[in-house]
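Asker: Contents are PDB, C-alpha atoms; file name my_file15.pdb:
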```pdb
ATOM      1  CA  MET A 173     -90.113  59.370 -35.491
ATOM      2  CA  LYS A 174     -87.589  62.082 -34.638
ATOM      3  CA  ASN A 175     -84.631  62.916 -36.865
ATOM      4  CA  LYS A 176     -81.421  64.379 -35.507
ATOM      5  CA  SER A 177     -78.888  65.795 -37.927
ATOM      6  CA  TYR A 178     -75.206  66.541 -37.323
ATOM      7  CA  ASP A 179     -72.635  68.146 -39.600
ATOM      8  CA  GLY A 180     -69.269  66.420 -39.997
ATOM      9  CA  VAL A 181     -65.975  67.899 -38.817
ATOM     10  CA  GLU A 182     -65.216  69.467 -42.185
ATOM     11  CA  GLY A 183     -68.850  70.204 -42.936
ATOM     12  CA  ASN A 184     -68.881  67.809 -45.886
ATOM     13  CA  MET A 185     -70.587  64.896 -44.176
ATOM     14  CA  LYS A 186     -74.135  64.813 -42.926
ATOM     15  CA  ILE A 187     -75.093  62.282 -40.260
ATOM     16  CA  THR A 188     -78.797  61.663 -39.663
ATOM     17  CA  ILE A 189     -80.043  59.616 -36.718
ATOM     18  CA  GLN A 190     -83.647  58.487 -36.652
ATOM     19  CA  ASP A 191     -85.519  57.136 -33.645
ATOM     20  CA  ILE A 192     -87.436  54.000 -34.571
ATOM     21  CA  ALA A 193     -90.536  52.386 -33.136
ATOM     22  CA  PRO A 194     -90.202  49.375 -30.833
ATOM     23  CA  GLY A 195     -89.921  46.178 -32.854
ATOM     24  CA  GLU A 196     -88.593  47.958 -35.942
ATOM     25  CA  GLU A 197     -85.293  46.651 -37.304
ATOM     26  CA  GLU A 198     -82.235  48.857 -36.799
ATOM     27  CA  GLU A 199     -80.480  49.796 -40.035
ATOM     28  CA  ILE A 200     -77.381  51.708 -41.076
ATOM     29  CA  ILE A 201     -77.202  53.088 -44.612
ATOM     30  CA  VAL A 202     -73.879  54.441 -45.860
ATOM     31  CA  ARG A 203     -73.997  56.830 -48.821
ATOM     32  CA  CYS A 204     -70.561  57.840 -50.032
ATOM     33  CA  ARG A 205     -68.568  58.652 -53.154
ATOM     34  CA  GLU A 206     -65.809  56.210 -52.237
ATOM     35  CA  LEU A 207     -65.654  53.407 -49.692
ATOM     36  CA  ASP A 208     -62.153  54.017 -48.326
ATOM     37  CA  GLU A 209     -60.186  52.138 -45.648
ATOM     38  CA  ALA A 210     -61.208  54.516 -42.841
ATOM     39  CA  LEU A 211     -64.900  54.106 -43.633
ATOM     40  CA  LEU A 212     -64.549  50.305 -43.830
ATOM     41  CA  ARG A 213     -62.871  50.249 -40.411
ATOM     42  CA  MET A 214     -65.651  52.395 -38.960
ATOM     43  CA  ILE A 215     -68.339  50.100 -40.382
ATOM     44  CA  HIS A 216     -66.600  46.976 -39.165
ATOM     45  CA  GLY A 217     -65.932  48.654 -35.814
ATOM     46  CA  LEU A 218     -69.677  49.073 -35.390
ATOM     47  CA  LYS A 219     -70.111  45.417 -36.233
ATOM     48  CA  THR A 220     -67.478  44.403 -33.652
ATOM     49  CA  ARG A 221     -69.112  46.398 -30.888
ATOM     50  CA  ARG A 222     -72.563  45.012 -31.729
ATOM     51  CA  GLY A 223     -71.439  41.445 -32.464
ATOM     52  CA  LYS A 224     -72.118  38.781 -29.875
ATOM     53  CA  PHE A 225     -70.899  35.269 -29.206
ATOM     54  CA  THR A 226     -73.165  32.824 -27.409
ATOM     55  CA  VAL A 227     -71.339  30.519 -24.999
ATOM     56  CA  ALA A 228     -72.256  27.922 -22.407
ATOM     57  CA  ASP A 229     -71.297  28.865 -18.854
ATOM     58  CA  ASN A 230     -71.907  25.753 -16.738
ATOM     59  CA  ASP A 231     -75.699  25.396 -16.830
ATOM     60  CA  LYS A 232     -76.285  28.924 -18.203
ATOM     61  CA  ILE A 233     -76.109  30.497 -21.649
ATOM     62  CA  ARG A 234     -74.226  33.812 -21.913
ATOM     63  CA  GLN A 235     -73.812  36.347 -24.685
ATOM     64  CA  ILE A 236     -70.354  37.879 -24.927
ATOM     65  CA  ASP A 237     -69.840  41.198 -26.717
ATOM     66  CA  ALA A 238     -67.171  40.818 -29.402
ATOM     67  CA  GLY A 239     -65.473  43.993 -28.176
ATOM     68  CA  ASP A 240     -64.887  42.394 -24.747
ATOM     69  CA  ILE A 241     -62.893  39.506 -26.221
ATOM     70  CA  TYR A 242     -59.114  39.635 -25.836
ATOM     71  CA  TYR A 243     -58.346  36.770 -28.197
ATOM     72  CA  PHE A 244     -59.441  33.463 -29.692
ATOM     73  CA  GLU A 245     -57.306  30.337 -29.586
ATOM     74  CA  ALA A 246     -57.689  26.971 -31.283
ATOM     75  CA  VAL A 247     -56.585  24.000 -29.160
ATOM     76  CA  ASP A 248     -57.241  20.339 -30.034
ATOM     77  CA  ASN A 249     -59.945  21.132 -32.618
ATOM     78  CA  LYS A 250     -61.783  23.416 -30.189
ATOM     79  CA  VAL A 251     -61.865  27.219 -30.228
ATOM     80  CA  PHE A 252     -61.811  29.205 -27.011
ATOM     81  CA  LEU A 253     -62.499  32.892 -26.492
ATOM     82  CA  TYR A 254     -60.605  34.695 -23.766
ATOM     83  CA  LEU A 255     -61.973  37.625 -21.822
ATOM     84  CA  GLU A 256     -60.054  39.657 -19.267
ATOM     85  CA  LYS A 257     -60.356  36.859 -16.694
ATOM     86  CA  ASP A 258     -62.649  34.167 -18.144
ATOM     87  CA  VAL A 259     -62.343  31.561 -20.901
ATOM     88  CA  PHE A 260     -65.218  29.993 -22.848
ATOM     89  CA  GLU A 261     -65.454  27.512 -25.681
ATOM     90  CA  THR A 262     -67.171  28.753 -28.836
ATOM     91  CA  ARG A 263     -68.654  26.712 -31.666
ATOM     92  CA  TYR A 264     -67.040  28.906 -34.341
ATOM     93  CA  LYS A 265     -63.886  27.966 -36.223
ATOM     94  CA  LEU A 266     -61.035  30.469 -36.428
ATOM     95  CA  TYR A 267     -61.474  30.950 -40.175
ATOM     96  CA  GLU A 268     -65.170  31.817 -39.623
ATOM     97  CA  ILE A 269     -64.247  34.423 -37.007
ATOM     98  CA  GLU A 270     -61.526  35.804 -39.266
ATOM     99  CA  GLU A 271     -63.970  36.148 -42.185
ATOM    100  CA  GLU A 272     -66.816  37.588 -40.114
ATOM    101  CA  TYR A 273     -64.586  40.153 -38.410
ATOM    102  CA  ALA A 274     -62.313  41.103 -41.332
ATOM    103  CA  ASN A 275     -61.325  44.805 -41.272
ATOM    104  CA  THR A 276     -62.041  45.070 -37.551
ATOM    105  CA  ASP A 277     -59.660  45.088 -34.583
ATOM    106  CA  PHE A 278     -59.449  41.289 -34.750
ATOM    107  CA  PHE A 279     -56.161  40.191 -36.295
ATOM    108  CA  ARG A 280     -54.828  36.735 -37.169
ATOM    109  CA  ALA A 281     -51.608  36.434 -35.148
ATOM    110  CA  SER A 282     -50.787  32.781 -35.885
ATOM    111  CA  LYS A 283     -52.385  29.610 -37.219
ATOM    112  CA  SER A 284     -54.086  29.098 -33.873
ATOM    113  CA  VAL A 285     -54.684  32.645 -32.517
ATOM    114  CA  ILE A 286     -56.730  35.724 -33.439
ATOM    115  CA  ILE A 287     -56.129  38.717 -31.194
ATOM    116  CA  ASN A 288     -58.176  41.847 -30.554
ATOM    117  CA  LEU A 289     -55.765  44.702 -31.294
ATOM    118  CA  ALA A 290     -57.891  47.027 -29.147
ATOM    119  CA  LYS A 291     -56.916  44.911 -26.110
ATOM    120  CA  VAL A 292     -53.147  45.038 -26.757
ATOM    121  CA  LYS A 293     -51.130  47.152 -24.339
ATOM    122  CA  GLN A 294     -47.863  46.985 -26.297
ATOM    123  CA  PHE A 295     -45.878  45.071 -28.902
ATOM    124  CA  ALA A 296     -42.243  44.038 -28.706
ATOM    125  CA  PRO A 297     -39.931  42.269 -31.176
ATOM    126  CA  ASP A 298     -39.264  38.648 -30.259
ATOM    127  CA  PHE A 299     -36.837  35.947 -31.438
ATOM    128  CA  GLY A 300     -36.797  34.826 -35.063
ATOM    129  CA  GLY A 301     -38.672  37.802 -36.510
ATOM    130  CA  ARG A 302     -41.744  37.244 -34.344
ATOM    131  CA  PHE A 303     -43.491  39.864 -32.226
ATOM    132  CA  GLU A 304     -44.911  39.586 -28.742
ATOM    133  CA  ALA A 305     -48.206  41.244 -27.857
ATOM    134  CA  GLN A 306     -48.701  42.113 -24.216
ATOM    135  CA  MET A 307     -52.434  42.226 -23.595
ATOM    136  CA  ARG A 308     -54.083  44.671 -21.180
ATOM    137  CA  ASN A 309     -54.800  41.798 -18.801
ATOM    138  CA  GLY A 310     -51.068  40.944 -18.628
ATOM    139  CA  GLU A 311     -51.122  37.895 -20.912
ATOM    140  CA  ARG A 312     -48.449  37.664 -23.591
ATOM    141  CA  LEU A 313     -49.160  36.286 -27.058
ATOM    142  CA  ILE A 314     -46.793  35.569 -29.932
ATOM    143  CA  ILE A 315     -47.404  36.962 -33.417
ATOM    144  CA  SER A 316     -45.873  34.479 -35.883
ATOM    145  CA  ARG A 317     -43.233  35.794 -38.232
ATOM    146  CA  GLN A 318     -45.480  35.236 -41.282
ATOM    147  CA  TYR A 319     -48.121  37.613 -39.806
ATOM    148  CA  VAL A 320     -45.694  40.351 -38.683
ATOM    149  CA  PRO A 321     -45.711  42.228 -42.057
ATOM    150  CA  ALA A 322     -49.527  42.438 -41.975
ATOM    151  CA  LEU A 323     -49.373  43.635 -38.357
ATOM    152  CA  LYS A 324     -46.834  46.330 -39.228
ATOM    153  CA  LYS A 325     -49.056  47.480 -42.065
ATOM    154  CA  ARG A 326     -52.106  47.605 -39.769
ATOM    155  CA  LEU A 327     -50.105  49.632 -37.246
ATOM    156  CA  GLY A 328     -48.800  52.009 -39.927
ATOM    157  CA  MET A 329     -45.155  50.945 -39.482
TER     158      MET A 329
END
```
What is this file in C-alpha cells?

Answerer:
Amino acid sequence: MKNKSYDGVEGNMKITIQDIAPGEEEEIIVRCRELDEALLRMIHGLKTRRGKFTVADNDKIRQIDAGDIYYFEAVDNKVFLYLEKDVFETRYKLYEIEEEYANTDFFRASKSVIINLAKVKQFAPDFGGRFEAQMRNGERLIISRQYVPALKKRLGM
C-alpha cells in the first residue's frame, strides 16, 4: 500500500491518498475542526460524481453517472432523468433524489423538477418572479417563484 501526501494551498491541510488492494472497499475519512459549507459541498460533490442511477434502456440495463444528468422531472407519477440528448425513467421519487443529493449541484426548481446547476448555461428573470434556466443542451426550464430565493442564495446573489 503506497501513501501519497499533499499539502493544502495554505499549508494547513494535509491530504493523504492511499492505494488499496483489489476488492478492498474505498473510503473517505474527513478530519476537521469545523464542517463548514464549502467542505459539505466538496463531500457531496464527490458523492454526485460517484453516484449512479440504474435505468432500463429497451432490453438493456444502463448505469448513468449522476453528474451527467441535466435534470429530473416528475410527470404522471413517473420520474424521468434527462441527459444531454436522452431521457430515461427512474424508479426514484423526486423527494428521494432531493434528500440523497442535498448540498450538491442538484436543486429543486419546482414541485416537479430538480435541475443540475452544473449543467445550467445561464439564468434569466421570467414573468411573475420566476426564473428561467437555460441548460447547456439548449433546453429551458422554469424555476418557480417559491424556489427563487433559495436559488439566489445558492448563487450568492

Asker: Just give me the gap between atom CA of A:Val227 and atom CA of A:Glu198 in Å, one decimal is fine.

Answerer: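 Computing the Euclidean distance for atom CA of A:Val227 and atom CA of A:Glu198 yields 24.4 Å.
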
Asker: Tell me which residues the PyMOL selection byres ((chain A and resi 319) around 12) grabs here, as a list of chain:residue names.

Answerer: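 Given this file, the PyMOL selection byres ((chain A and resi 319) around 12) evaluates to A:Phe279, A:Arg280, A:Ala281, A:Ser282, A:Lys283, A:Ser284, A:Val285, A:Ile286, A:Ile287, A:Gly301, A:Arg302, A:Phe303, A:Glu304, A:Ile314, A:Ile315, A:Ser316, A:Arg317, A:Gln318, A:Val320, A:Pro321, A:Ala322, A:Leu323, A:Lys324, A:Lys325, A:Arg326.
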
Asker: Write to file, as a PDB file, in the coordinates of the input, the residues of the selection just made, with C-alpha atoms.

Answerer:
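See part12.pdb below for the written result:
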```pdb
ATOM      1  CA  PHE A 279     -56.161  40.191 -36.295  1.00  0.00           C
ATOM      2  CA  ARG A 280     -54.828  36.735 -37.169  1.00  0.00           C
ATOM      3  CA  ALA A 281     -51.608  36.434 -35.148  1.00  0.00           C
ATOM      4  CA  SER A 282     -50.787  32.781 -35.885  1.00  0.00           C
ATOM      5  CA  LYS A 283     -52.385  29.610 -37.219  1.00  0.00           C
ATOM      6  CA  SER A 284     -54.086  29.098 -33.873  1.00  0.00           C
ATOM      7  CA  VAL A 285     -54.684  32.645 -32.517  1.00  0.00           C
ATOM      8  CA  ILE A 286     -56.730  35.724 -33.439  1.00  0.00           C
ATOM      9  CA  ILE A 287     -56.129  38.717 -31.194  1.00  0.00           C
ATOM     10  CA  GLY A 301     -38.672  37.802 -36.510  1.00  0.00           C
ATOM     11  CA  ARG A 302     -41.744  37.244 -34.344  1.00  0.00           C
ATOM     12  CA  PHE A 303     -43.491  39.864 -32.226  1.00  0.00           C
ATOM     13  CA  GLU A 304     -44.911  39.586 -28.742  1.00  0.00           C
ATOM     14  CA  ILE A 314     -46.793  35.569 -29.932  1.00  0.00           C
ATOM     15  CA  ILE A 315     -47.404  36.962 -33.417  1.00  0.00           C
ATOM     16  CA  SER A 316     -45.873  34.479 -35.883  1.00  0.00           C
ATOM     17  CA  ARG A 317     -43.233  35.794 -38.232  1.00  0.00           C
ATOM     18  CA  GLN A 318     -45.480  35.236 -41.282  1.00  0.00           C
ATOM     19  CA  VAL A 320     -45.694  40.351 -38.683  1.00  0.00           C
ATOM     20  CA  PRO A 321     -45.711  42.228 -42.057  1.00  0.00           C
ATOM     21  CA  ALA A 322     -49.527  42.438 -41.975  1.00  0.00           C
ATOM     22  CA  LEU A 323     -49.373  43.635 -38.357  1.00  0.00           C
ATOM     23  CA  LYS A 324     -46.834  46.330 -39.228  1.00  0.00           C
ATOM     24  CA  LYS A 325     -49.056  47.480 -42.065  1.00  0.00           C
ATOM     25  CA  ARG A 326     -52.106  47.605 -39.769  1.00  0.00           C
TER      26      ARG A 326
END
```

Asker: Can you list, as a compact mmCIF listing (two decimals) with C-alpha atoms, keeping the file's coordinate frame, every protein, DNA or RNA residue that comes within 12 Å of stretch 263-267 of chain A when you count only C-alpha atoms, leaving out same-chain residues fewer than 2 positions away?

Answerer:
```
# COMPACT_ATOMS: atom_id res chain seq x y z
CA LYS A 224 -72.12 38.78 -29.88
CA PHE A 225 -70.90 35.27 -29.21
CA THR A 226 -73.17 32.82 -27.41
CA VAL A 227 -71.34 30.52 -25.00
CA ALA A 228 -72.26 27.92 -22.41
CA TYR A 243 -58.35 36.77 -28.20
CA PHE A 244 -59.44 33.46 -29.69
CA GLU A 245 -57.31 30.34 -29.59
CA ALA A 246 -57.69 26.97 -31.28
CA VAL A 247 -56.58 24.00 -29.16
CA ASP A 248 -57.24 20.34 -30.03
CA ASN A 249 -59.94 21.13 -32.62
CA LYS A 250 -61.78 23.42 -30.19
CA VAL A 251 -61.86 27.22 -30.23
CA PHE A 252 -61.81 29.20 -27.01
CA LEU A 253 -62.50 32.89 -26.49
CA PHE A 260 -65.22 29.99 -22.85
CA GLU A 261 -65.45 27.51 -25.68
CA ILE A 269 -64.25 34.42 -37.01
CA GLU A 270 -61.53 35.80 -39.27
CA GLU A 271 -63.97 36.15 -42.18
CA GLU A 272 -66.82 37.59 -40.11
CA TYR A 273 -64.59 40.15 -38.41
CA ALA A 274 -62.31 41.10 -41.33
CA PHE A 278 -59.45 41.29 -34.75
CA PHE A 279 -56.16 40.19 -36.30
CA ARG A 280 -54.83 36.74 -37.17
CA ALA A 281 -51.61 36.43 -35.15
CA SER A 282 -50.79 32.78 -35.88
CA LYS A 283 -52.38 29.61 -37.22
CA SER A 284 -54.09 29.10 -33.87
CA VAL A 285 -54.68 32.65 -32.52
CA ILE A 286 -56.73 35.72 -33.44
CA ILE A 287 -56.13 38.72 -31.19
```

Asker: Mind giving me the straight-line distance from atom CA of A:Ala193 to atom CA of A:Met214 in Å, one decimal?

Answerer: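 One can read the atom CA of A:Ala193 to atom CA of A:Met214 distance as 25.6 Å.
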
Asker: Quick one: residues within 12 Å of A:Cys204, only C-alpha atoms, excluding same-chain residues fewer than 4 positions away - as a ChimeraX atom specification?

Answerer: /A:184-187,208,211-212

Asker: Could you save the residues just selected, with C-alpha atoms, as a JSON list (two decimals), in the coordinates of the input?

Answerer:
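File produced: selection_20.json:
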```json
[["chain", "number", "residue", "atom", "x", "y", "z"],
["A", 184, "ASN", "CA", -68.88, 67.81, -45.89],
["A", 185, "MET", "CA", -70.59, 64.90, -44.18],
["A", 186, "LYS", "CA", -74.14, 64.81, -42.93],
["A", 187, "ILE", "CA", -75.09, 62.28, -40.26],
["A", 208, "ASP", "CA", -62.15, 54.02, -48.33],
["A", 211, "LEU", "CA", -64.90, 54.11, -43.63],
["A", 212, "LEU", "CA", -64.55, 50.30, -43.83]]
```

Asker: Would you pick out the contacts of A:Asn309 at 9 Å or less, using all atoms listed in the file, so that residues sharing its chain but fewer than 5 positions from it are not included, and give the list as a list in words?

Answerer: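 Residues near the query, excluding close chain neighbours: Tyr242, Leu255, Glu256, Lys257, Lys291, Val292 and Lys293 of chain A.
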
Asker: To one decimal in Å, tell me the separation between atom CA of A:Gly300 and atom CA of A:Glu268.

Answerer: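 We find that atom CA of A:Gly300 and atom CA of A:Glu268 lie 28.9 Å from each other.
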